[in-house]
file entry-v3.cif (mmCIF, N, CA and C atoms)
data_my_file
loop_
_atom_site.label_atom_id
_atom_site.label_comp_id
_atom_site.auth_asym_id
_atom_site.auth_seq_id
_atom_site.Cartn_x
_atom_site.Cartn_y
_atom_site.Cartn_z
N MET O 1 0.85 -1.18 0.00
CA MET O 1 0.00 0.00 0.00
C MET O 1 0.90 1.25 0.00
N LYS O 2 0.81 2.04 -1.05
CA LYS O 2 1.73 3.16 -1.23
C LYS O 2 1.58 4.23 -0.15
N THR O 3 0.37 4.58 0.24
CA THR O 3 0.21 5.64 1.24
C THR O 3 0.80 5.23 2.58
N LEU O 4 0.69 3.96 2.93
CA LEU O 4 1.30 3.47 4.16
C LEU O 4 2.82 3.56 4.06
N GLY O 5 3.37 3.16 2.91
CA GLY O 5 4.81 3.28 2.69
C GLY O 5 5.27 4.73 2.76
N ASP O 6 4.49 5.63 2.18
CA ASP O 6 4.82 7.06 2.24
C ASP O 6 4.86 7.55 3.69
N ASN O 7 3.93 7.05 4.50
CA ASN O 7 3.89 7.43 5.91
C ASN O 7 5.17 7.01 6.63
N TYR O 8 5.61 5.78 6.39
CA TYR O 8 6.84 5.31 7.04
C TYR O 8 8.07 6.05 6.51
N GLU O 9 8.08 6.36 5.22
CA GLU O 9 9.20 7.14 4.68
C GLU O 9 9.25 8.53 5.32
N GLN O 10 8.09 9.15 5.51
CA GLN O 10 8.05 10.46 6.15
C GLN O 10 8.52 10.36 7.60
N ARG O 11 8.10 9.32 8.30
CA ARG O 11 8.55 9.12 9.67
C ARG O 11 10.07 8.94 9.73
N ALA O 12 10.61 8.18 8.77
CA ALA O 12 12.06 8.00 8.73
C ALA O 12 12.76 9.32 8.46
N CYS O 13 12.24 10.11 7.53
CA CYS O 13 12.82 11.43 7.25
C CYS O 13 12.81 12.31 8.50
N ASP O 14 11.69 12.35 9.17
CA ASP O 14 11.58 13.16 10.39
C ASP O 14 12.59 12.70 11.43
N TRP O 15 12.76 11.39 11.57
CA TRP O 15 13.68 10.82 12.54
C TRP O 15 15.12 11.20 12.20
N LEU O 16 15.47 11.13 10.90
CA LEU O 16 16.83 11.49 10.47
C LEU O 16 17.08 12.98 10.63
N LEU O 17 16.10 13.80 10.28
CA LEU O 17 16.24 15.25 10.45
C LEU O 17 16.44 15.62 11.92
N ALA O 18 15.75 14.94 12.80
CA ALA O 18 15.88 15.21 14.25
C ALA O 18 17.29 14.89 14.74
N ARG O 19 18.02 14.07 14.00
CA ARG O 19 19.40 13.72 14.35
C ARG O 19 20.42 14.58 13.61
N GLY O 20 19.94 15.61 12.93
CA GLY O 20 20.85 16.56 12.29
C GLY O 20 21.24 16.23 10.87
N TRP O 21 20.61 15.25 10.26
CA TRP O 21 20.92 14.91 8.88
C TRP O 21 20.33 15.97 7.94
N GLN O 22 20.92 16.07 6.77
CA GLN O 22 20.42 16.97 5.73
C GLN O 22 19.87 16.11 4.59
N LEU O 23 18.58 16.26 4.30
CA LEU O 23 17.97 15.48 3.22
C LEU O 23 18.30 16.11 1.88
N LEU O 24 18.72 15.28 0.94
CA LEU O 24 19.04 15.74 -0.41
C LEU O 24 17.97 15.32 -1.41
N ALA O 25 17.41 14.13 -1.25
CA ALA O 25 16.40 13.64 -2.20
C ALA O 25 15.55 12.57 -1.53
N ARG O 26 14.31 12.48 -2.01
CA ARG O 26 13.40 11.41 -1.59
C ARG O 26 12.89 10.73 -2.84
N ASN O 27 12.74 9.42 -2.74
CA ASN O 27 12.21 8.62 -3.85
C ASN O 27 12.94 8.90 -5.16
N TYR O 28 14.26 8.81 -5.10
CA TYR O 28 15.08 8.99 -6.30
C TYR O 28 14.85 7.78 -7.20
N ARG O 29 14.28 8.02 -8.37
CA ARG O 29 13.94 6.94 -9.30
C ARG O 29 14.80 7.02 -10.55
N CYS O 30 15.23 5.87 -10.99
CA CYS O 30 15.97 5.75 -12.25
C CYS O 30 15.73 4.34 -12.76
N LYS O 31 16.23 4.05 -13.95
CA LYS O 31 15.99 2.73 -14.54
C LYS O 31 16.48 1.58 -13.64
N PRO O 32 17.66 1.70 -13.01
CA PRO O 32 18.13 0.59 -12.16
C PRO O 32 17.30 0.36 -10.90
N GLY O 33 16.59 1.39 -10.40
CA GLY O 33 15.83 1.20 -9.18
C GLY O 33 15.45 2.50 -8.53
N GLU O 34 15.12 2.42 -7.25
CA GLU O 34 14.69 3.59 -6.48
C GLU O 34 15.41 3.60 -5.14
N ILE O 35 15.73 4.81 -4.70
CA ILE O 35 16.31 5.00 -3.37
C ILE O 35 15.32 5.86 -2.59
N ASP O 36 14.91 5.36 -1.43
CA ASP O 36 13.89 6.06 -0.65
C ASP O 36 14.36 7.43 -0.18
N ILE O 37 15.56 7.48 0.41
CA ILE O 37 16.09 8.73 0.96
C ILE O 37 17.58 8.82 0.64
N ILE O 38 18.01 10.00 0.21
CA ILE O 38 19.43 10.29 0.06
C ILE O 38 19.70 11.49 0.95
N ALA O 39 20.68 11.35 1.83
CA ALA O 39 20.91 12.38 2.84
C ALA O 39 22.39 12.48 3.19
N LEU O 40 22.71 13.55 3.87
CA LEU O 40 24.05 13.73 4.42
C LEU O 40 24.01 13.52 5.92
N ASP O 41 24.87 12.65 6.41
CA ASP O 41 25.10 12.46 7.83
C ASP O 41 26.50 12.99 8.07
N GLY O 42 26.58 14.25 8.47
CA GLY O 42 27.88 14.92 8.54
C GLY O 42 28.39 15.09 7.13
N GLN O 43 29.56 14.54 6.84
CA GLN O 43 30.15 14.62 5.50
C GLN O 43 29.87 13.38 4.66
N THR O 44 29.17 12.41 5.23
CA THR O 44 28.92 11.15 4.54
C THR O 44 27.60 11.17 3.80
N LEU O 45 27.65 10.77 2.53
CA LEU O 45 26.45 10.64 1.71
C LEU O 45 25.83 9.27 2.01
N VAL O 46 24.57 9.28 2.41
CA VAL O 46 23.92 8.05 2.84
C VAL O 46 22.70 7.76 1.97
N PHE O 47 22.65 6.54 1.46
CA PHE O 47 21.51 6.05 0.70
C PHE O 47 20.70 5.18 1.66
N VAL O 48 19.45 5.59 1.90
CA VAL O 48 18.64 4.95 2.93
C VAL O 48 17.46 4.21 2.32
N GLU O 49 17.33 2.96 2.68
CA GLU O 49 16.16 2.16 2.31
C GLU O 49 15.25 2.09 3.53
N VAL O 50 13.97 2.36 3.35
CA VAL O 50 12.99 2.30 4.43
C VAL O 50 12.12 1.07 4.21
N ARG O 51 12.00 0.24 5.24
CA ARG O 51 11.20 -0.98 5.16
C ARG O 51 10.30 -1.07 6.39
N ALA O 52 9.08 -1.57 6.19
CA ALA O 52 8.14 -1.74 7.29
C ALA O 52 7.41 -3.06 7.15
N ARG O 53 7.06 -3.61 8.28
CA ARG O 53 6.23 -4.81 8.33
C ARG O 53 5.07 -4.51 9.27
N GLN O 54 3.88 -4.90 8.85
CA GLN O 54 2.69 -4.72 9.68
C GLN O 54 2.44 -5.95 10.56
N ARG O 55 2.84 -7.11 10.06
CA ARG O 55 2.61 -8.36 10.78
C ARG O 55 3.92 -9.12 10.91
N GLY O 56 4.04 -9.87 11.96
CA GLY O 56 5.25 -10.63 12.21
C GLY O 56 5.31 -11.97 11.52
N ARG O 57 4.35 -12.28 10.66
CA ARG O 57 4.31 -13.61 10.02
C ARG O 57 5.42 -13.82 9.01
N TYR O 58 5.89 -12.76 8.41
CA TYR O 58 6.87 -12.87 7.34
C TYR O 58 8.26 -12.53 7.88
N ALA O 59 9.25 -12.60 7.01
CA ALA O 59 10.62 -12.24 7.41
C ALA O 59 10.63 -10.81 7.92
N SER O 60 11.62 -10.48 8.70
CA SER O 60 11.72 -9.13 9.24
C SER O 60 11.87 -8.11 8.12
N ALA O 61 11.57 -6.87 8.44
CA ALA O 61 11.73 -5.80 7.46
C ALA O 61 13.18 -5.72 6.99
N ALA O 62 14.12 -5.87 7.90
CA ALA O 62 15.54 -5.81 7.55
C ALA O 62 15.92 -6.96 6.61
N ALA O 63 15.38 -8.15 6.86
CA ALA O 63 15.71 -9.31 6.03
C ALA O 63 15.18 -9.16 4.60
N SER O 64 14.20 -8.28 4.42
CA SER O 64 13.65 -8.09 3.07
C SER O 64 14.59 -7.30 2.16
N VAL O 65 15.65 -6.73 2.74
CA VAL O 65 16.66 -6.06 1.92
C VAL O 65 17.71 -7.11 1.56
N ASP O 66 17.32 -7.99 0.66
CA ASP O 66 18.16 -9.12 0.28
C ASP O 66 19.21 -8.70 -0.76
N LYS O 67 20.01 -9.67 -1.21
CA LYS O 67 21.09 -9.37 -2.17
C LYS O 67 20.56 -8.74 -3.45
N ARG O 68 19.43 -9.20 -3.91
CA ARG O 68 18.84 -8.63 -5.13
C ARG O 68 18.48 -7.16 -4.93
N LYS O 69 17.83 -6.85 -3.80
CA LYS O 69 17.47 -5.46 -3.49
C LYS O 69 18.73 -4.63 -3.29
N GLN O 70 19.73 -5.18 -2.63
CA GLN O 70 20.98 -4.46 -2.43
C GLN O 70 21.61 -4.10 -3.76
N GLY O 71 21.58 -5.03 -4.72
CA GLY O 71 22.13 -4.76 -6.04
C GLY O 71 21.41 -3.62 -6.74
N ARG O 72 20.09 -3.59 -6.64
CA ARG O 72 19.32 -2.49 -7.24
C ARG O 72 19.65 -1.16 -6.58
N LEU O 73 19.79 -1.18 -5.25
CA LEU O 73 20.15 0.05 -4.54
C LEU O 73 21.54 0.54 -4.95
N LEU O 74 22.47 -0.39 -5.08
CA LEU O 74 23.82 -0.04 -5.49
C LEU O 74 23.82 0.59 -6.89
N ARG O 75 23.11 -0.03 -7.82
CA ARG O 75 23.05 0.52 -9.18
C ARG O 75 22.36 1.88 -9.22
N ALA O 76 21.32 2.06 -8.41
CA ALA O 76 20.64 3.35 -8.34
C ALA O 76 21.56 4.41 -7.73
N ALA O 77 22.35 4.03 -6.73
CA ALA O 77 23.31 4.97 -6.13
C ALA O 77 24.38 5.36 -7.14
N GLU O 78 24.85 4.40 -7.91
CA GLU O 78 25.83 4.71 -8.96
C GLU O 78 25.23 5.69 -9.97
N HIS O 79 23.98 5.48 -10.33
CA HIS O 79 23.29 6.38 -11.25
C HIS O 79 23.23 7.79 -10.66
N PHE O 80 22.85 7.88 -9.38
CA PHE O 80 22.77 9.18 -8.71
C PHE O 80 24.13 9.89 -8.76
N LEU O 81 25.19 9.17 -8.44
CA LEU O 81 26.52 9.77 -8.41
C LEU O 81 27.00 10.18 -9.81
N GLN O 82 26.60 9.45 -10.83
CA GLN O 82 26.94 9.84 -12.20
C GLN O 82 26.23 11.14 -12.59
N ARG O 83 25.00 11.31 -12.12
CA ARG O 83 24.21 12.50 -12.47
C ARG O 83 24.50 13.70 -11.57
N HIS O 84 25.02 13.46 -10.39
CA HIS O 84 25.27 14.53 -9.41
C HIS O 84 26.74 14.47 -8.98
N ARG O 85 27.58 14.93 -9.85
CA ARG O 85 29.03 14.80 -9.66
C ARG O 85 29.55 15.52 -8.41
N GLN O 86 28.82 16.50 -7.91
CA GLN O 86 29.29 17.23 -6.73
C GLN O 86 29.38 16.34 -5.49
N TRP O 87 28.73 15.18 -5.52
CA TRP O 87 28.74 14.28 -4.36
C TRP O 87 29.70 13.11 -4.52
N ARG O 88 30.38 13.02 -5.65
CA ARG O 88 31.20 11.84 -5.94
C ARG O 88 32.39 11.66 -5.01
N GLN O 89 32.92 12.72 -4.46
CA GLN O 89 34.11 12.61 -3.61
C GLN O 89 33.78 12.34 -2.14
N ARG O 90 32.52 12.30 -1.82
CA ARG O 90 32.11 12.06 -0.43
C ARG O 90 32.18 10.57 -0.10
N PRO O 91 32.48 10.25 1.15
CA PRO O 91 32.32 8.85 1.56
C PRO O 91 30.83 8.51 1.50
N CYS O 92 30.51 7.27 1.14
CA CYS O 92 29.11 6.85 1.00
C CYS O 92 28.86 5.61 1.85
N ARG O 93 27.61 5.45 2.23
CA ARG O 93 27.21 4.21 2.90
C ARG O 93 25.73 3.95 2.63
N PHE O 94 25.33 2.71 2.91
CA PHE O 94 23.95 2.27 2.73
C PHE O 94 23.38 1.93 4.10
N ASP O 95 22.33 2.64 4.49
CA ASP O 95 21.65 2.39 5.75
C ASP O 95 20.25 1.88 5.47
N VAL O 96 19.66 1.22 6.45
CA VAL O 96 18.27 0.79 6.38
C VAL O 96 17.57 1.27 7.64
N VAL O 97 16.38 1.83 7.47
CA VAL O 97 15.54 2.19 8.60
C VAL O 97 14.31 1.29 8.51
N THR O 98 14.09 0.51 9.57
CA THR O 98 12.97 -0.43 9.57
C THR O 98 11.94 -0.05 10.62
N PHE O 99 10.73 -0.50 10.35
CA PHE O 99 9.62 -0.38 11.29
C PHE O 99 9.02 -1.78 11.40
N GLU O 100 9.16 -2.38 12.57
CA GLU O 100 8.67 -3.74 12.80
C GLU O 100 7.39 -3.67 13.64
N PRO O 101 6.53 -4.69 13.52
CA PRO O 101 5.32 -4.69 14.35
C PRO O 101 5.69 -4.78 15.83
N PRO O 102 5.02 -3.99 16.66
CA PRO O 102 5.34 -4.01 18.09
C PRO O 102 4.83 -5.29 18.76
N GLN O 103 5.43 -5.62 19.89
CA GLN O 103 5.02 -6.80 20.64
C GLN O 103 3.65 -6.61 21.28
N SER O 104 3.35 -5.36 21.62
CA SER O 104 2.04 -5.05 22.20
C SER O 104 1.45 -3.90 21.38
N GLY O 105 0.55 -3.17 21.95
CA GLY O 105 -0.10 -2.07 21.24
C GLY O 105 0.75 -0.81 21.16
N ALA O 106 2.04 -0.92 21.42
CA ALA O 106 2.92 0.25 21.42
C ALA O 106 3.08 0.82 20.01
N VAL O 107 3.51 2.05 19.96
CA VAL O 107 3.78 2.72 18.69
C VAL O 107 5.00 2.07 18.03
N ILE O 108 4.95 1.90 16.73
CA ILE O 108 6.07 1.32 15.99
C ILE O 108 7.17 2.37 15.88
N GLU O 109 8.33 2.05 16.44
CA GLU O 109 9.47 2.96 16.43
C GLU O 109 10.46 2.55 15.34
N PRO O 110 11.18 3.54 14.79
CA PRO O 110 12.18 3.20 13.77
C PRO O 110 13.39 2.49 14.37
N HIS O 111 13.95 1.60 13.60
CA HIS O 111 15.19 0.93 13.97
C HIS O 111 16.20 1.23 12.86
N TRP O 112 17.31 1.86 13.23
CA TRP O 112 18.31 2.30 12.26
C TRP O 112 19.42 1.27 12.17
N ILE O 113 19.68 0.80 10.95
CA ILE O 113 20.79 -0.14 10.72
C ILE O 113 21.83 0.63 9.90
N ARG O 114 22.85 1.09 10.60
CA ARG O 114 23.93 1.86 9.97
C ARG O 114 24.84 0.89 9.22
N CYS O 115 25.25 1.28 8.03
CA CYS O 115 26.10 0.41 7.20
C CYS O 115 25.47 -0.98 7.05
N ALA O 116 24.24 -1.02 6.62
CA ALA O 116 23.49 -2.27 6.51
C ALA O 116 24.15 -3.26 5.56
N PHE O 117 24.80 -2.73 4.53
CA PHE O 117 25.56 -3.57 3.60
C PHE O 117 26.60 -2.69 2.93
N THR O 118 27.57 -3.32 2.29
CA THR O 118 28.63 -2.57 1.64
C THR O 118 28.59 -2.82 0.14
N ALA O 119 29.16 -1.86 -0.57
CA ALA O 119 29.18 -1.95 -2.04
C ALA O 119 30.34 -2.78 -2.50
#
call {"tool": "encode", "arguments": {"input": "entry-v3.cif", "output": "structure tokens"}}
result
Amino acid sequence: MKTLGDNYEQRACDWLLARGWQLLARNYRCKPGEIDIIALDGQTLVFVEVRARQRGRYASAAASVDKRKQGRLLRAAEHFLQRHRQWRQRPCRFDVVTFEPPQSGAVIEPHWIRCAFTA
């Protein structure tokens, strides 16, 4: 459901902004794939994938960022860097922000996985 996904992406953006990050792009789309959030964490350019699960029946939100998805994110990041040369000299990393179903009726909080995978 796209509107639900948009809600979690907005929550992730708000969470990152509260930590002093600078957002550069949201929903960067290109032929190789899509990157949910591109931001600066200090001097580091970060490509962020946002994942959420409503029910605990399936694999965790983090586990859904499998090798295939990682490859698409990597190719999309390469595309971004080719088109935006001003960011090419920055250190880069791939983070994942997940929202998992709570154990009780609690609010779903973001879980940040820094350096979730490497290129």
call {"tool": "resolve_selection", "arguments": {"input": "entry-v3.cif", "expression": "the PyMOL selection byres ((chain O and resi 76) around 8)", "output": "PyMOL selection string"}}
result
chain O and resi 28-35+70-75+77-82
call {"tool": "select_by_dssp", "arguments": {"input": "entry-v3.cif", "residues": "range 19-82 of chain O", "states": "alpha helix (DSSP H)", "output": "compact mmCIF listing (two decimals) with N, CA and C atoms, keeping the file's coordinate frame"}}
result
# COMPACT_ATOMS: atom_id res chain seq x y z
N LYS O 67 20.01 -9.67 -1.21
CA LYS O 67 21.09 -9.37 -2.17
C LYS O 67 20.56 -8.74 -3.45
N ARG O 68 19.43 -9.20 -3.91
CA ARG O 68 18.84 -8.63 -5.13
C ARG O 68 18.48 -7.16 -4.93
N LYS O 69 17.83 -6.85 -3.80
CA LYS O 69 17.47 -5.46 -3.49
C LYS O 69 18.73 -4.63 -3.29
N GLN O 70 19.73 -5.18 -2.63
CA GLN O 70 20.98 -4.46 -2.43
C GLN O 70 21.61 -4.10 -3.76
N GLY O 71 21.58 -5.03 -4.72
CA GLY O 71 22.13 -4.76 -6.04
C GLY O 71 21.41 -3.62 -6.74
N ARG O 72 20.09 -3.59 -6.64
CA ARG O 72 19.32 -2.49 -7.24
C ARG O 72 19.65 -1.16 -6.58
N LEU O 73 19.79 -1.18 -5.25
CA LEU O 73 20.15 0.05 -4.54
C LEU O 73 21.54 0.54 -4.95
N LEU O 74 22.47 -0.39 -5.08
CA LEU O 74 23.82 -0.04 -5.49
C LEU O 74 23.82 0.59 -6.89
N ARG O 75 23.11 -0.03 -7.82
CA ARG O 75 23.05 0.52 -9.18
C ARG O 75 22.36 1.88 -9.22
N ALA O 76 21.32 2.06 -8.41
CA ALA O 76 20.64 3.35 -8.34
C ALA O 76 21.56 4.41 -7.73
N ALA O 77 22.35 4.03 -6.73
CA ALA O 77 23.31 4.97 -6.13
C ALA O 77 24.38 5.36 -7.14
N GLU O 78 24.85 4.40 -7.91
CA GLU O 78 25.83 4.71 -8.96
C GLU O 78 25.23 5.69 -9.97
N HIS O 79 23.98 5.48 -10.33
CA HIS O 79 23.29 6.38 -11.25
C HIS O 79 23.23 7.79 -10.66
N PHE O 80 22.85 7.88 -9.38
CA PHE O 80 22.77 9.18 -8.71
C PHE O 80 24.13 9.89 -8.76
N LEU O 81 25.19 9.17 -8.44
CA LEU O 81 26.52 9.77 -8.41
C LEU O 81 27.00 10.18 -9.81
N GLN O 82 26.60 9.45 -10.83
CA GLN O 82 26.94 9.84 -12.20
C GLN O 82 26.23 11.14 -12.59
call {"tool": "atom_distance", "arguments": {"input": "entry-v3.cif", "atom1": "CA of Arg19 in chain O", "atom2": "CA of Arg85 in chain O"}}
result
25.9 Å
call {"tool": "closest_residue", "arguments": {"input": "entry-v3.cif", "among": "O:Gln43, O:Asn27, O:Asn7, O:Ala62", "to": "Arg90 in chain O", "atoms": "only N, CA and C atoms"}}
result
O:Gln43
call {"tool": "resolve_selection", "arguments": {"input": "entry-v3.cif", "expression": "the PyMOL selection byres (((chain O and resi 52 and name CA) around 10) and name CA)", "output": "PDB file with N, CA and C atoms, in the frame of the given file"}}
result
ATOM      1  N   LEU O   4       0.690   3.960   2.930  1.00  0.00           N
ATOM      2  CA  LEU O   4       1.300   3.470   4.160  1.00  0.00           C
ATOM      3  C   LEU O   4       2.820   3.560   4.060  1.00  0.00           C
ATOM      4  N   GLY O   5       3.370   3.160   2.910  1.00  0.00           N
ATOM      5  CA  GLY O   5       4.810   3.280   2.690  1.00  0.00           C
ATOM      6  C   GLY O   5       5.270   4.730   2.760  1.00  0.00           C
ATOM      7  N   TYR O   8       5.610   5.780   6.390  1.00  0.00           N
ATOM      8  CA  TYR O   8       6.840   5.310   7.040  1.00  0.00           C
ATOM      9  C   TYR O   8       8.070   6.050   6.510  1.00  0.00           C
ATOM     10  N   GLU O   9       8.080   6.360   5.220  1.00  0.00           N
ATOM     11  CA  GLU O   9       9.200   7.140   4.680  1.00  0.00           C
ATOM     12  C   GLU O   9       9.250   8.530   5.320  1.00  0.00           C
ATOM     13  N   VAL O  50      13.970   2.360   3.350  1.00  0.00           N
ATOM     14  CA  VAL O  50      12.990   2.300   4.430  1.00  0.00           C
ATOM     15  C   VAL O  50      12.120   1.070   4.210  1.00  0.00           C
ATOM     16  N   ARG O  51      12.000   0.240   5.240  1.00  0.00           N
ATOM     17  CA  ARG O  51      11.200  -0.980   5.160  1.00  0.00           C
ATOM     18  C   ARG O  51      10.300  -1.070   6.390  1.00  0.00           C
ATOM     19  N   ARG O  53       7.060  -3.610   8.280  1.00  0.00           N
ATOM     20  CA  ARG O  53       6.230  -4.810   8.330  1.00  0.00           C
ATOM     21  C   ARG O  53       5.070  -4.510   9.270  1.00  0.00           C
ATOM     22  N   GLN O  54       3.880  -4.900   8.850  1.00  0.00           N
ATOM     23  CA  GLN O  54       2.690  -4.720   9.680  1.00  0.00           C
ATOM     24  C   GLN O  54       2.440  -5.950  10.560  1.00  0.00           C
ATOM     25  N   ARG O  55       2.840  -7.110  10.060  1.00  0.00           N
ATOM     26  CA  ARG O  55       2.610  -8.360  10.780  1.00  0.00           C
ATOM     27  C   ARG O  55       3.920  -9.120  10.910  1.00  0.00           C
ATOM     28  N   SER O  60      11.620 -10.480   8.700  1.00  0.00           N
ATOM     29  CA  SER O  60      11.720  -9.130   9.240  1.00  0.00           C
ATOM     30  C   SER O  60      11.870  -8.110   8.120  1.00  0.00           C
ATOM     31  N   ALA O  61      11.570  -6.870   8.440  1.00  0.00           N
ATOM     32  CA  ALA O  61      11.730  -5.800   7.460  1.00  0.00           C
ATOM     33  C   ALA O  61      13.180  -5.720   6.990  1.00  0.00           C
ATOM     34  N   ALA O  62      14.120  -5.870   7.900  1.00  0.00           N
ATOM     35  CA  ALA O  62      15.540  -5.810   7.550  1.00  0.00           C
ATOM     36  C   ALA O  62      15.920  -6.960   6.610  1.00  0.00           C
ATOM     37  N   SER O  64      14.200  -8.280   4.420  1.00  0.00           N
ATOM     38  CA  SER O  64      13.650  -8.090   3.070  1.00  0.00           C
ATOM     39  C   SER O  64      14.590  -7.300   2.160  1.00  0.00           C
ATOM     40  N   VAL O  97      16.380   1.830   7.470  1.00  0.00           N
ATOM     41  CA  VAL O  97      15.540   2.190   8.600  1.00  0.00           C
ATOM     42  C   VAL O  97      14.310   1.290   8.510  1.00  0.00           C
ATOM     43  N   THR O  98      14.090   0.510   9.570  1.00  0.00           N
ATOM     44  CA  THR O  98      12.970  -0.430   9.570  1.00  0.00           C
ATOM     45  C   THR O  98      11.940  -0.050  10.620  1.00  0.00           C
ATOM     46  N   PHE O  99      10.730  -0.500  10.350  1.00  0.00           N
ATOM     47  CA  PHE O  99       9.620  -0.380  11.290  1.00  0.00           C
ATOM     48  C   PHE O  99       9.020  -1.780  11.400  1.00  0.00           C
ATOM     49  N   GLU O 100       9.160  -2.380  12.570  1.00  0.00           N
ATOM     50  CA  GLU O 100       8.670  -3.740  12.800  1.00  0.00           C
ATOM     51  C   GLU O 100       7.390  -3.670  13.640  1.00  0.00           C
ATOM     52  N   PRO O 101       6.530  -4.690  13.520  1.00  0.00           N
ATOM     53  CA  PRO O 101       5.320  -4.690  14.350  1.00  0.00           C
ATOM     54  C   PRO O 101       5.690  -4.780  15.830  1.00  0.00           C
ATOM     55  N   ILE O 108       4.950   1.900  16.730  1.00  0.00           N
ATOM     56  CA  ILE O 108       6.070   1.320  15.990  1.00  0.00           C
ATOM     57  C   ILE O 108       7.170   2.370  15.880  1.00  0.00           C
ATOM     58  N   PRO O 110      11.180   3.540  14.790  1.00  0.00           N
ATOM     59  CA  PRO O 110      12.180   3.200  13.770  1.00  0.00           C
ATOM     60  C   PRO O 110      13.390   2.490  14.370  1.00  0.00           C
TER      61      PRO O 110
END
call {"tool": "residues_around", "arguments": {"input": "entry-v3.cif", "residues": "Leu40 in chain O", "least_positions_apart": "5", "cutoff": "5 Å", "atoms": "all atoms listed in the file", "output": "list of chain:residue names"}}
result
O:Trp21, O:Gln22, O:Leu23, O:Leu45, O:Val46
call {"tool": "resolve_selection", "arguments": {"input": "entry-v3.cif", "expression": "the PyMOL selection byres (((chain O and resi 49 and name CA) around 6) and name CA)", "output": "PyMOL selection string"}}
result
chain O and resi 36+48+50+96
call {"tool": "atom_distance", "arguments": {"input": "entry-v3.cif", "atom1": "atom C of Phe117 in chain O", "atom2": "atom N of Ala25 in chain O"}}
result
19.6 Å
call {"tool": "atom_distance", "arguments": {"input": "entry-v3.cif", "atom1": "atom C of Ile113 in chain O", "atom2": "atom C of His84 in chain O"}}
result
23.9 Å
call {"tool": "decode", "arguments": {"input": "entry-v3.cif", "residues": "range 64-75 of chain O", "atoms": "N, CA and C atoms", "output": "PDB file, in the first residue's frame"}}
result
ATOM      1  N   SER O  64      14.200  -8.284   4.417  1.00  0.00           N
ATOM      2  CA  SER O  64      13.646  -8.087   3.075  1.00  0.00           C
ATOM      3  C   SER O  64      14.591  -7.303   2.163  1.00  0.00           C
ATOM      4  N   VAL O  65      15.649  -6.733   2.735  1.00  0.00           N
ATOM      5  CA  VAL O  65      16.663  -6.057   1.919  1.00  0.00           C
ATOM      6  C   VAL O  65      17.714  -7.115   1.563  1.00  0.00           C
ATOM      7  N   ASP O  66      17.319  -7.991   0.660  1.00  0.00           N
ATOM      8  CA  ASP O  66      18.155  -9.121   0.275  1.00  0.00           C
ATOM      9  C   ASP O  66      19.206  -8.700  -0.759  1.00  0.00           C
ATOM     10  N   LYS O  67      20.009  -9.666  -1.213  1.00  0.00           N
ATOM     11  CA  LYS O  67      21.092  -9.373  -2.166  1.00  0.00           C
ATOM     12  C   LYS O  67      20.563  -8.737  -3.446  1.00  0.00           C
ATOM     13  N   ARG O  68      19.426  -9.197  -3.906  1.00  0.00           N
ATOM     14  CA  ARG O  68      18.839  -8.626  -5.128  1.00  0.00           C
ATOM     15  C   ARG O  68      18.483  -7.156  -4.928  1.00  0.00           C
ATOM     16  N   LYS O  69      17.829  -6.846  -3.795  1.00  0.00           N
ATOM     17  CA  LYS O  69      17.466  -5.461  -3.490  1.00  0.00           C
ATOM     18  C   LYS O  69      18.727  -4.628  -3.293  1.00  0.00           C
ATOM     19  N   GLN O  70      19.725  -5.180  -2.627  1.00  0.00           N
ATOM     20  CA  GLN O  70      20.981  -4.460  -2.425  1.00  0.00           C
ATOM     21  C   GLN O  70      21.615  -4.100  -3.763  1.00  0.00           C
ATOM     22  N   GLY O  71      21.579  -5.027  -4.719  1.00  0.00           N
ATOM     23  CA  GLY O  71      22.130  -4.758  -6.045  1.00  0.00           C
ATOM     24  C   GLY O  71      21.407  -3.616  -6.740  1.00  0.00           C
ATOM     25  N   ARG O  72      20.086  -3.594  -6.638  1.00  0.00           N
ATOM     26  CA  ARG O  72      19.316  -2.494  -7.240  1.00  0.00           C
ATOM     27  C   ARG O  72      19.653  -1.161  -6.576  1.00  0.00           C
ATOM     28  N   LEU O  73      19.793  -1.177  -5.252  1.00  0.00           N
ATOM     29  CA  LEU O  73      20.152   0.053  -4.538  1.00  0.00           C
ATOM     30  C   LEU O  73      21.542   0.536  -4.952  1.00  0.00           C
ATOM     31  N   LEU O  74      22.466  -0.388  -5.077  1.00  0.00           N
ATOM     32  CA  LEU O  74      23.823  -0.041  -5.493  1.00  0.00           C
ATOM     33  C   LEU O  74      23.824   0.591  -6.887  1.00  0.00           C
ATOM     34  N   ARG O  75      23.112  -0.027  -7.817  1.00  0.00           N
ATOM     35  CA  ARG O  75      23.052   0.520  -9.181  1.00  0.00           C
ATOM     36  C   ARG O  75      22.356   1.879  -9.217  1.00  0.00           C
TER      37      ARG O  75
END
